[in-house]
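Shown next: my_file-v8.cif, containing mmCIF, C-alpha atoms.
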```
data_query
loop_
_atom_site.group_PDB
_atom_site.id
_atom_site.type_symbol
_atom_site.label_atom_id
_atom_site.label_comp_id
_atom_site.auth_asym_id
_atom_site.auth_seq_id
_atom_site.Cartn_x
_atom_site.Cartn_y
_atom_site.Cartn_z
ATOM 1 C CA MET A 1 -25.922 64.003 10.096
ATOM 2 C CA LYS A 2 -28.255 61.344 8.739
ATOM 3 C CA LEU A 3 -30.518 61.492 5.747
ATOM 4 C CA LYS A 4 -33.963 60.076 6.537
ATOM 5 C CA PRO A 5 -33.958 56.762 4.672
ATOM 6 C CA LEU A 6 -36.561 55.749 2.154
ATOM 7 C CA ASN A 7 -38.845 52.946 3.239
ATOM 8 C CA GLN A 8 -37.150 49.643 2.262
ATOM 9 C CA GLU A 9 -40.329 48.232 0.779
ATOM 10 C CA SER A 10 -40.646 51.184 -1.616
ATOM 11 C CA TYR A 11 -37.001 50.851 -2.574
ATOM 12 C CA GLN A 12 -37.216 47.113 -3.233
ATOM 13 C CA GLN A 13 -40.373 47.595 -5.254
ATOM 14 C CA PHE A 14 -38.717 50.328 -7.341
ATOM 15 C CA GLN A 15 -35.711 48.102 -8.069
ATOM 16 C CA GLN A 16 -37.926 45.154 -8.924
ATOM 17 C CA LEU A 17 -40.147 47.175 -11.256
ATOM 18 C CA LYS A 18 -37.112 48.610 -13.006
ATOM 19 C CA LYS A 19 -35.951 45.114 -13.788
ATOM 20 C CA GLU A 20 -39.353 44.134 -15.115
ATOM 21 C CA VAL A 21 -39.807 47.135 -17.389
ATOM 22 C CA GLU A 22 -36.248 48.087 -18.142
ATOM 23 C CA ASN A 23 -36.538 47.465 -21.854
ATOM 24 C CA LYS A 24 -39.545 49.733 -22.190
ATOM 25 C CA PHE A 25 -37.786 52.977 -22.886
ATOM 26 C CA GLU A 26 -40.554 54.787 -24.700
ATOM 27 C CA VAL A 27 -41.875 57.803 -22.855
ATOM 28 C CA ILE A 28 -45.391 57.324 -21.574
ATOM 29 C CA SER A 29 -47.481 60.478 -21.667
ATOM 30 C CA LEU A 30 -50.271 60.664 -19.166
ATOM 31 C CA ALA A 31 -53.666 62.280 -19.624
ATOM 32 C CA ARG A 32 -52.468 65.654 -18.366
ATOM 33 C CA SER A 33 -50.101 66.081 -21.304
ATOM 34 C CA ALA A 34 -53.130 66.654 -23.517
ATOM 35 C CA LYS A 35 -53.040 70.289 -22.505
ATOM 36 C CA GLY A 36 -49.827 70.486 -24.515
ATOM 37 C CA CYS A 37 -47.705 72.576 -22.198
ATOM 38 C CA VAL A 38 -44.997 69.981 -21.754
ATOM 39 C CA VAL A 39 -42.054 70.056 -24.140
ATOM 40 C CA LYS A 40 -41.974 66.855 -26.135
ATOM 41 C CA SER A 41 -39.647 64.007 -25.359
ATOM 42 C CA LYS A 42 -36.215 63.903 -26.921
ATOM 43 C CA SER A 43 -36.594 61.303 -29.643
ATOM 44 C CA ASN A 44 -33.181 61.367 -31.260
ATOM 45 C CA TYR A 45 -31.065 59.717 -28.576
ATOM 46 C CA SER A 46 -27.725 58.822 -30.062
ATOM 47 C CA LYS A 47 -26.390 55.274 -30.078
ATOM 48 C CA GLN A 48 -23.955 56.279 -27.343
ATOM 49 C CA GLU A 49 -26.761 57.665 -25.173
ATOM 50 C CA LYS A 50 -28.882 54.555 -25.672
ATOM 51 C CA GLU A 51 -25.986 52.288 -24.775
ATOM 52 C CA TRP A 52 -25.170 54.361 -21.715
ATOM 53 C CA PHE A 53 -28.783 54.263 -20.497
ATOM 54 C CA LYS A 54 -29.074 50.495 -20.860
ATOM 55 C CA LYS A 55 -25.820 50.057 -18.989
ATOM 56 C CA PHE A 56 -26.898 52.537 -16.345
ATOM 57 C CA LEU A 57 -30.114 50.643 -15.657
ATOM 58 C CA ASN A 58 -28.146 47.440 -15.201
ATOM 59 C CA ARG A 59 -25.424 49.042 -13.143
ATOM 60 C CA HIS A 60 -26.185 47.086 -10.005
ATOM 61 C CA GLU A 61 -26.138 43.716 -11.697
ATOM 62 C CA ASP A 62 -23.060 41.592 -11.082
ATOM 63 C CA GLY A 63 -20.150 42.391 -13.326
ATOM 64 C CA GLU A 64 -21.852 45.347 -15.016
ATOM 65 C CA ARG A 65 -19.703 48.004 -13.421
ATOM 66 C CA MET B 66 -15.672 59.879 -2.384
ATOM 67 C CA GLU B 67 -16.314 60.722 1.249
ATOM 68 C CA LYS B 68 -19.840 60.278 2.437
ATOM 69 C CA ASP B 69 -20.254 63.938 3.324
ATOM 70 C CA ARG B 70 -19.847 64.935 -0.331
ATOM 71 C CA LEU B 71 -22.368 62.643 -1.992
ATOM 72 C CA LEU B 72 -25.391 64.913 -2.064
ATOM 73 C CA LYS B 73 -23.198 67.872 -2.854
ATOM 74 C CA ARG B 74 -21.858 65.984 -5.881
ATOM 75 C CA PHE B 75 -25.367 64.923 -6.886
ATOM 76 C CA PHE B 76 -26.612 68.503 -6.963
ATOM 77 C CA GLN B 77 -23.478 69.762 -8.715
ATOM 78 C CA LEU B 78 -24.136 67.212 -11.445
ATOM 79 C CA TYR B 79 -27.794 68.151 -11.620
ATOM 80 C CA ARG B 80 -26.966 71.842 -11.911
ATOM 81 C CA ARG B 81 -24.581 71.143 -14.776
ATOM 82 C CA PHE B 82 -27.010 68.850 -16.620
ATOM 83 C CA SER B 83 -29.892 71.261 -16.144
ATOM 84 C CA PHE B 84 -27.878 74.192 -17.487
ATOM 85 C CA TYR B 85 -27.425 72.409 -20.827
ATOM 86 C CA GLU B 86 -30.729 70.556 -20.977
ATOM 87 C CA ASN B 87 -32.708 73.765 -20.571
ATOM 88 C CA GLN B 88 -30.817 75.423 -23.417
ATOM 89 C CA VAL B 89 -31.617 72.675 -25.919
ATOM 90 C CA SER B 90 -34.898 71.172 -24.697
ATOM 91 C CA PHE B 91 -37.130 73.271 -26.968
ATOM 92 C CA ILE B 92 -35.255 71.860 -29.941
ATOM 93 C CA GLU B 93 -34.201 68.433 -28.700
ATOM 94 C CA GLY B 94 -37.148 67.647 -26.425
ATOM 95 C CA ARG B 95 -36.799 66.680 -22.778
ATOM 96 C CA ASN B 96 -34.057 64.230 -21.951
ATOM 97 C CA TYR B 97 -36.027 61.642 -19.986
ATOM 98 C CA TYR B 98 -33.164 59.159 -19.899
ATOM 99 C CA LEU B 99 -31.111 61.511 -17.786
ATOM 100 C CA ILE B 100 -34.022 62.877 -15.740
ATOM 101 C CA PHE B 101 -34.950 59.293 -14.872
ATOM 102 C CA ALA B 102 -31.296 58.553 -14.057
ATOM 103 C CA PHE B 103 -31.219 61.472 -11.596
ATOM 104 C CA TYR B 104 -34.423 60.191 -10.011
ATOM 105 C CA ASP B 105 -33.040 56.661 -9.824
ATOM 106 C CA VAL B 106 -29.820 57.810 -8.158
ATOM 107 C CA LEU B 107 -31.724 60.016 -5.711
ATOM 108 C CA VAL B 108 -33.862 57.029 -4.685
ATOM 109 C CA ASN B 109 -30.635 55.130 -4.059
ATOM 110 C CA ILE B 110 -29.110 57.993 -2.104
ATOM 111 C CA LYS B 111 -32.228 58.344 0.028
ATOM 112 C CA THR B 112 -32.192 54.627 0.788
ATOM 113 C CA LYS B 113 -28.485 53.970 1.213
ATOM 114 C CA TYR B 114 -26.861 57.232 2.248
ATOM 115 C CA ASN B 115 -26.158 55.971 5.750
ATOM 116 C CA ILE B 116 -25.088 52.476 4.787
ATOM 117 C CA SER B 117 -23.399 52.333 1.403
ATOM 118 C CA ALA B 118 -21.478 55.443 0.391
ATOM 119 C CA GLY B 119 -19.341 53.431 -2.050
ATOM 120 C CA GLU B 120 -22.332 52.311 -4.073
ATOM 121 C CA ILE B 121 -23.694 55.846 -4.273
ATOM 122 C CA ALA B 122 -20.304 57.206 -5.327
ATOM 123 C CA ARG B 123 -20.246 54.658 -8.176
ATOM 124 C CA ASP B 124 -23.814 55.664 -9.134
ATOM 125 C CA LEU B 125 -22.667 59.259 -9.378
ATOM 126 C CA THR B 126 -19.714 58.306 -11.565
ATOM 127 C CA ASP B 127 -22.022 56.364 -13.888
ATOM 128 C CA LEU B 128 -24.463 59.250 -13.975
ATOM 129 C CA GLU B 129 -21.681 61.681 -14.825
ATOM 130 C CA LYS B 130 -20.712 59.546 -17.827
ATOM 131 C CA GLY B 131 -24.228 59.955 -19.240
ATOM 132 C CA ILE B 132 -24.182 63.694 -18.610
ATOM 133 C CA ASN B 133 -20.833 64.052 -20.355
ATOM 134 C CA ILE B 134 -22.102 62.193 -23.430
ATOM 135 C CA PHE B 135 -25.183 64.453 -23.545
ATOM 136 C CA ILE B 136 -23.211 67.682 -23.115
ATOM 137 C CA ALA B 137 -20.620 66.702 -25.744
ATOM 138 C CA GLU B 138 -23.437 66.050 -28.230
ATOM 139 C CA CYS B 139 -25.139 69.360 -27.391
ATOM 140 C CA GLN B 140 -21.887 71.222 -27.965
ATOM 141 C CA ASN B 141 -21.231 69.414 -31.236
ATOM 142 C CA LYS B 142 -24.706 69.992 -32.613
ATOM 143 C CA TYR B 143 -25.530 73.496 -31.435
ATOM 144 C CA PRO B 144 -23.063 76.374 -31.716
ATOM 145 C CA PHE B 145 -25.346 78.603 -29.601
ATOM 146 C CA VAL B 146 -24.897 76.490 -26.475
ATOM 147 C CA VAL B 147 -23.359 78.492 -23.637
ATOM 148 C CA SER B 148 -20.771 76.622 -21.562
ATOM 149 C CA TYR B 149 -21.358 75.980 -17.889
ATOM 150 C CA ASN B 150 -18.879 77.707 -15.645
ATOM 151 C CA GLU B 151 -20.805 78.164 -12.429
ATOM 152 C CA ASN B 152 -19.268 77.273 -9.164
ATOM 153 C CA ALA B 153 -22.309 76.903 -6.951
ATOM 154 C CA GLU B 154 -21.593 76.371 -3.272
ATOM 155 C CA PHE B 155 -23.263 73.302 -1.836
ATOM 156 C CA ASN B 156 -23.098 72.392 1.812
ATOM 157 C CA GLU B 157 -23.809 68.704 2.469
ATOM 158 C CA LYS B 158 -25.075 69.359 5.978
ATOM 159 C CA VAL B 159 -27.487 72.052 4.804
ATOM 160 C CA ILE B 160 -28.793 69.821 2.003
ATOM 161 C CA ILE B 161 -29.474 66.987 4.438
ATOM 162 C CA GLU B 162 -31.122 69.260 6.981
ATOM 163 C CA LYS B 163 -33.368 70.836 4.380
ATOM 164 C CA PHE B 164 -34.145 67.556 2.653
ATOM 165 C CA ASN B 165 -35.112 65.952 5.960
ATOM 166 C CA SER B 166 -37.158 68.837 7.245
ATOM 167 C CA GLU B 167 -38.792 70.083 4.046
ATOM 168 C CA VAL B 168 -39.207 67.401 1.426
ATOM 169 C CA SER B 169 -38.387 63.927 2.711
ATOM 170 C CA ASP B 170 -41.967 62.791 3.366
ATOM 171 C CA TYR B 171 -43.122 64.207 0.035
ATOM 172 C CA PHE B 172 -40.312 62.454 -1.812
ATOM 173 C CA ASP B 173 -41.259 59.135 -0.179
ATOM 174 C CA GLU B 174 -44.875 59.558 -1.288
ATOM 175 C CA PHE B 175 -43.703 60.437 -4.781
ATOM 176 C CA VAL B 176 -41.658 57.218 -4.991
ATOM 177 C CA ILE B 177 -44.623 55.093 -3.900
ATOM 178 C CA ALA B 178 -46.869 56.772 -6.483
ATOM 179 C CA TYR B 179 -44.223 56.366 -9.197
ATOM 180 C CA ASN B 180 -43.953 52.668 -8.354
ATOM 181 C CA HIS B 181 -47.703 52.139 -8.595
ATOM 182 C CA LEU B 182 -47.918 53.925 -11.924
ATOM 183 C CA MET B 183 -44.807 52.255 -13.317
ATOM 184 C CA ASN B 184 -46.390 48.904 -12.527
ATOM 185 C CA TYR B 185 -49.782 49.926 -13.901
ATOM 186 C CA LYS B 186 -48.416 51.441 -17.132
ATOM 187 C CA ASN B 187 -45.740 48.804 -17.521
ATOM 188 C CA GLY B 188 -43.228 51.463 -18.479
ATOM 189 C CA LEU B 189 -40.230 53.193 -17.054
ATOM 190 C CA LEU B 190 -40.348 56.761 -18.307
ATOM 191 C CA LEU B 191 -43.491 58.447 -17.042
ATOM 192 C CA GLU B 192 -43.358 61.853 -18.646
ATOM 193 C CA GLU B 193 -45.439 64.024 -16.329
ATOM 194 C CA LEU B 194 -43.988 62.562 -13.155
ATOM 195 C CA LEU B 195 -40.443 62.965 -14.432
ATOM 196 C CA ILE B 196 -41.175 66.586 -15.321
ATOM 197 C CA GLU B 197 -42.320 67.083 -11.737
ATOM 198 C CA ILE B 198 -39.177 65.505 -10.274
ATOM 199 C CA ASN B 199 -37.106 67.639 -12.635
ATOM 200 C CA ASN B 200 -38.973 70.769 -11.503
ATOM 201 C CA PHE B 201 -38.521 69.751 -7.886
ATOM 202 C CA LEU B 202 -34.757 69.358 -8.342
ATOM 203 C CA SER B 203 -34.502 72.746 -10.056
ATOM 204 C CA HIS B 204 -36.286 74.399 -7.137
ATOM 205 C CA PHE B 205 -34.393 72.494 -4.497
ATOM 206 C CA VAL B 206 -30.999 73.432 -5.934
ATOM 207 C CA ASN B 207 -31.810 77.112 -5.508
ATOM 208 C CA PHE B 208 -33.435 76.454 -2.152
ATOM 209 C CA VAL B 209 -30.204 75.046 -0.715
ATOM 210 C CA THR B 210 -27.752 77.367 -2.441
ATOM 211 C CA LYS B 211 -29.556 80.698 -2.553
ATOM 212 C CA ASP B 212 -32.036 80.221 0.267
ATOM 213 C CA TYR B 213 -34.909 80.832 -2.138
ATOM 214 C CA PHE B 214 -38.362 80.529 -0.698
ATOM 215 C CA SER B 215 -39.665 77.422 -2.436
ATOM 216 C CA SER B 216 -38.208 73.982 -1.793
ATOM 217 C CA GLY B 217 -40.142 72.585 -4.751
ATOM 218 C CA LYS B 218 -42.066 70.124 -2.607
ATOM 219 C CA SER B 219 -45.325 71.125 -4.317
ATOM 220 C CA HIS B 220 -43.928 69.457 -7.463
ATOM 221 C CA LEU B 221 -43.456 66.193 -5.566
ATOM 222 C CA CYS B 222 -46.985 66.530 -4.283
ATOM 223 C CA ARG B 223 -48.308 67.285 -7.778
ATOM 224 C CA GLY B 224 -46.437 64.300 -9.230
ATOM 225 C CA ALA B 225 -47.756 61.877 -6.623
ATOM 226 C CA LEU B 226 -51.323 63.122 -7.124
ATOM 227 C CA ASP B 227 -51.013 62.836 -10.902
ATOM 228 C CA GLY B 228 -49.866 59.247 -10.540
ATOM 229 C CA TYR B 229 -52.973 58.165 -8.665
ATOM 230 C CA LYS B 230 -55.321 60.340 -10.696
ATOM 231 C CA GLU B 231 -54.034 58.717 -13.887
ATOM 232 C CA ILE B 232 -55.065 55.300 -12.569
ATOM 233 C CA ILE B 233 -58.445 56.635 -11.447
ATOM 234 C CA TYR B 234 -59.160 58.380 -14.776
ATOM 235 C CA ASN B 235 -58.203 55.322 -16.761
ATOM 236 C CA GLU B 236 -60.293 52.985 -14.661
ATOM 237 C CA ASN B 237 -63.379 55.102 -14.190
ATOM 238 C CA LYS B 238 -65.559 52.154 -15.229
ATOM 239 C CA VAL B 239 -64.523 50.476 -11.980
ATOM 240 C CA LEU B 240 -65.579 53.618 -10.136
ATOM 241 C CA ILE B 241 -68.981 53.655 -11.809
ATOM 242 C CA ALA B 242 -69.545 50.077 -10.701
ATOM 243 C CA HIS B 243 -68.751 50.878 -7.054
ATOM 244 C CA ALA B 244 -70.991 53.552 -5.574
ATOM 245 C CA ASP B 245 -69.122 53.620 -2.260
ATOM 246 C CA LEU B 246 -65.864 54.372 -4.060
ATOM 247 C CA ILE B 247 -67.421 57.212 -6.053
ATOM 248 C CA LYS B 248 -68.834 58.663 -2.849
ATOM 249 C CA ASP B 249 -65.387 58.611 -1.238
ATOM 250 C CA LEU B 250 -63.816 60.153 -4.326
ATOM 251 C CA VAL B 251 -66.332 63.003 -4.400
ATOM 252 C CA ALA B 252 -65.590 63.789 -0.737
ATOM 253 C CA ILE B 253 -61.832 63.768 -1.480
ATOM 254 C CA ARG B 254 -62.332 65.980 -4.506
ATOM 255 C CA ILE B 255 -64.315 68.550 -2.506
ATOM 256 C CA ASN B 256 -61.708 68.527 0.251
ATOM 257 C CA GLU B 257 -58.952 69.017 -2.328
ATOM 258 C CA LEU B 258 -60.842 71.887 -3.928
ATOM 259 C CA GLN B 259 -61.281 73.601 -0.590
ATOM 260 C CA ASN B 260 -57.572 73.224 0.190
ATOM 261 C CA ILE B 261 -56.145 74.450 -3.103
ATOM 262 C CA GLY B 262 -53.451 76.973 -2.319
ATOM 263 C CA ASN B 263 -53.044 75.599 1.180
ATOM 264 C CA MET B 264 -50.385 73.064 0.298
ATOM 265 C CA THR B 265 -47.916 74.817 2.548
ATOM 266 C CA ASN B 266 -49.912 73.360 5.401
ATOM 267 C CA GLU B 267 -47.618 70.492 6.379
ATOM 268 C CA ASN B 268 -50.261 67.808 6.532
ATOM 269 C CA SER B 269 -52.761 68.811 3.894
ATOM 270 C CA CYS B 270 -50.759 67.672 0.874
ATOM 271 C CA ILE B 271 -49.762 64.353 2.424
ATOM 272 C CA ASP B 272 -53.386 63.835 3.489
ATOM 273 C CA VAL B 273 -54.713 64.508 -0.001
ATOM 274 C CA ILE B 274 -52.116 62.158 -1.526
ATOM 275 C CA GLY B 275 -53.083 59.510 1.038
ATOM 276 C CA SER B 276 -56.753 59.807 0.098
ATOM 277 C CA TYR B 277 -56.102 59.428 -3.631
ATOM 278 C CA LYS B 278 -53.643 56.633 -2.913
ATOM 279 C CA ASN B 279 -56.361 54.691 -1.065
ATOM 280 C CA ILE B 280 -58.761 55.036 -3.992
ATOM 281 C CA GLY B 281 -56.044 54.180 -6.533
ATOM 282 C CA ILE B 282 -54.900 51.081 -4.654
ATOM 283 C CA THR B 283 -58.495 49.929 -4.121
ATOM 284 C CA ILE B 284 -59.130 50.228 -7.867
ATOM 285 C CA LEU B 285 -55.948 48.270 -8.659
ATOM 286 C CA GLN B 286 -56.990 45.556 -6.222
ATOM 287 C CA LEU B 287 -60.454 45.352 -7.788
ATOM 288 C CA ILE B 288 -58.913 45.059 -11.264
ATOM 289 C CA ASN B 289 -56.551 42.326 -10.099
ATOM 290 C CA SER B 290 -59.364 40.404 -8.423
ATOM 291 C CA LEU B 291 -61.190 40.269 -11.760
ATOM 292 C CA LYS B 292 -58.191 38.805 -13.619
#
```
Would you kindly transcribe this structure into structure tokens?
Amino acid sequence: MKLKPLNQESYQQFQQLKKEVENKFEVISLARSAKGCVVKSKSNYSKQEKEWFKKFLNRHEDGER
Amino acid sequence: MEKDRLLKRFFQLYRRFSFYENQVSFIEGRNYYLIFAFYDVLVNIKTKYNISAGEIARDLTDLEKGINIFIAECQNKYPFVVSYNENAEFNEKVIIEKFNSEVSDYFDEFVIAYNHLMNYKNGLLLEELLIEINNFLSHFVNFVTKDYFSSGKSHLCRGALDGYKEIIYNENKVLIAHADLIKDLVAIRINELQNIGNMTNENSCIDVIGSYKNIGITILQLINSLK
């Protein structure tokens, strides 16, 4: 049983963009959030959570795992 | 981890995370780090399921570490938090069949839209789109375990549309300067209006996304040509 693969170009672009913006962790609210029905972003990430997330984003870099 | 357990593991992890995140989100806010991490791993699974099971298994282990940190902190901070003890049955073959037949094309469109908006906004955590992927996952978990009616694909559709509409709203000065583009957009808008509620029609959602995508990409190209 095979899972239909994602288009390679989309995948490469996603990986590339992640590298370019990986230090921009602030949550970006779009225009639609103005209606106020979305619960706000968690703002009090602990040091451990922040460290984990940074490491997670770099998990495919050599030697990071 | 054997290949035929990867998606099963992914959805087990999501179920566990979601159980805790929903209990605390009104106090803590939404955990976009972990929602993004689920999205990121799902993109990897969708791309590499057939070719690199080892990499996906390591992704899942890394993801689980983040979930464990989050859950431990929830339990330490909030005495009201109820512990997760579900044992949902996931069947890898059923997940793949349903993902392929019901949501695969929508997920692909969502990824493309997310990429465009991530590039445009120069940021990683796009709140509304991550909420939509989170909603999709919540639906899809029940869809594959309880045979509930909705696969959640409308959330992928909504997210992709929001991505392009955000670019269009923000760059409406470009629209005003290009009468042909406005004319196309009005036609798309009317078509969308007439098809509201008809998103179960297999092609209508993908068609509407495609139309907004064309306008969004044209606007981005016009902006870039002026730089």
>> Residue by residue, what does the PyMOL selection byres ((chain A) within 7 of (chain B)) grab here? Present the result as an NGL selection string.
In response: :A and (1-6 or 10-11 or 13-14 or 17-18 or 21-22 or 24-31 or 39-42 or 49 or 52-53 or 56)
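CA of Gly119 in chain B to CA of Lys68 in chain B spans 8.2 Å [interatomic distance, one decimal].
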Centre, edges in Å (one decimal): axis-aligned box, range 97-100 of chain B, 3 Å padding on all six sides, as JSON:
```
{"center_x": -33.6, "center_y": 61.0, "center_z": -17.9, "size_x": 10.9, "size_y": 9.7, "size_z": 10.2}
```
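The spacing separating CA of Val106 in chain B from CA of Ser276 in chain B amounts to 28.2 Å.
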> Which distance in Å separates CA of Tyr79 in chain B and CA of Asn58 in chain A, to one decimal?
Replying inline: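 Pair CA of Tyr79 in chain B / CA of Asn58 in chain A returns 21.0 Å.
For the residues B:Val168, B:Leu125, B:Ala242, B:Ala137, ranking by smallest atom-to-atom distance to Gln48 in chain A using only C-alpha atoms places B:Ala137 first.
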>> Need the shell around range 149-151 of chain B: protein/DNA/RNA residues with any atom at most 12 Å away, counting only C-alpha atoms. Skip same-chain ones fewer than 6 positions apart. Format as a PyMOL selection string?
In response: chain B and resi 77-88+136+140
> Residues picked by the PyMOL selection byres ((chain B and resi 213-221) around 6) here, as number ranges by chain?
Replying inline: B: 168, 171, 175, 197, 201, 204-205, 207-208, 211-212, 222-224
> Applied to this file, what does the PyMOL selection byres ((chain B and resi 288) around 12) return in terms of residues, put as JSON, numbers by chain?
Replying inline: {"B": [185, 232, 233, 235, 236, 237, 238, 239, 240, 242, 281, 282, 283, 284, 285, 286, 287, 289, 290, 291, 292]}
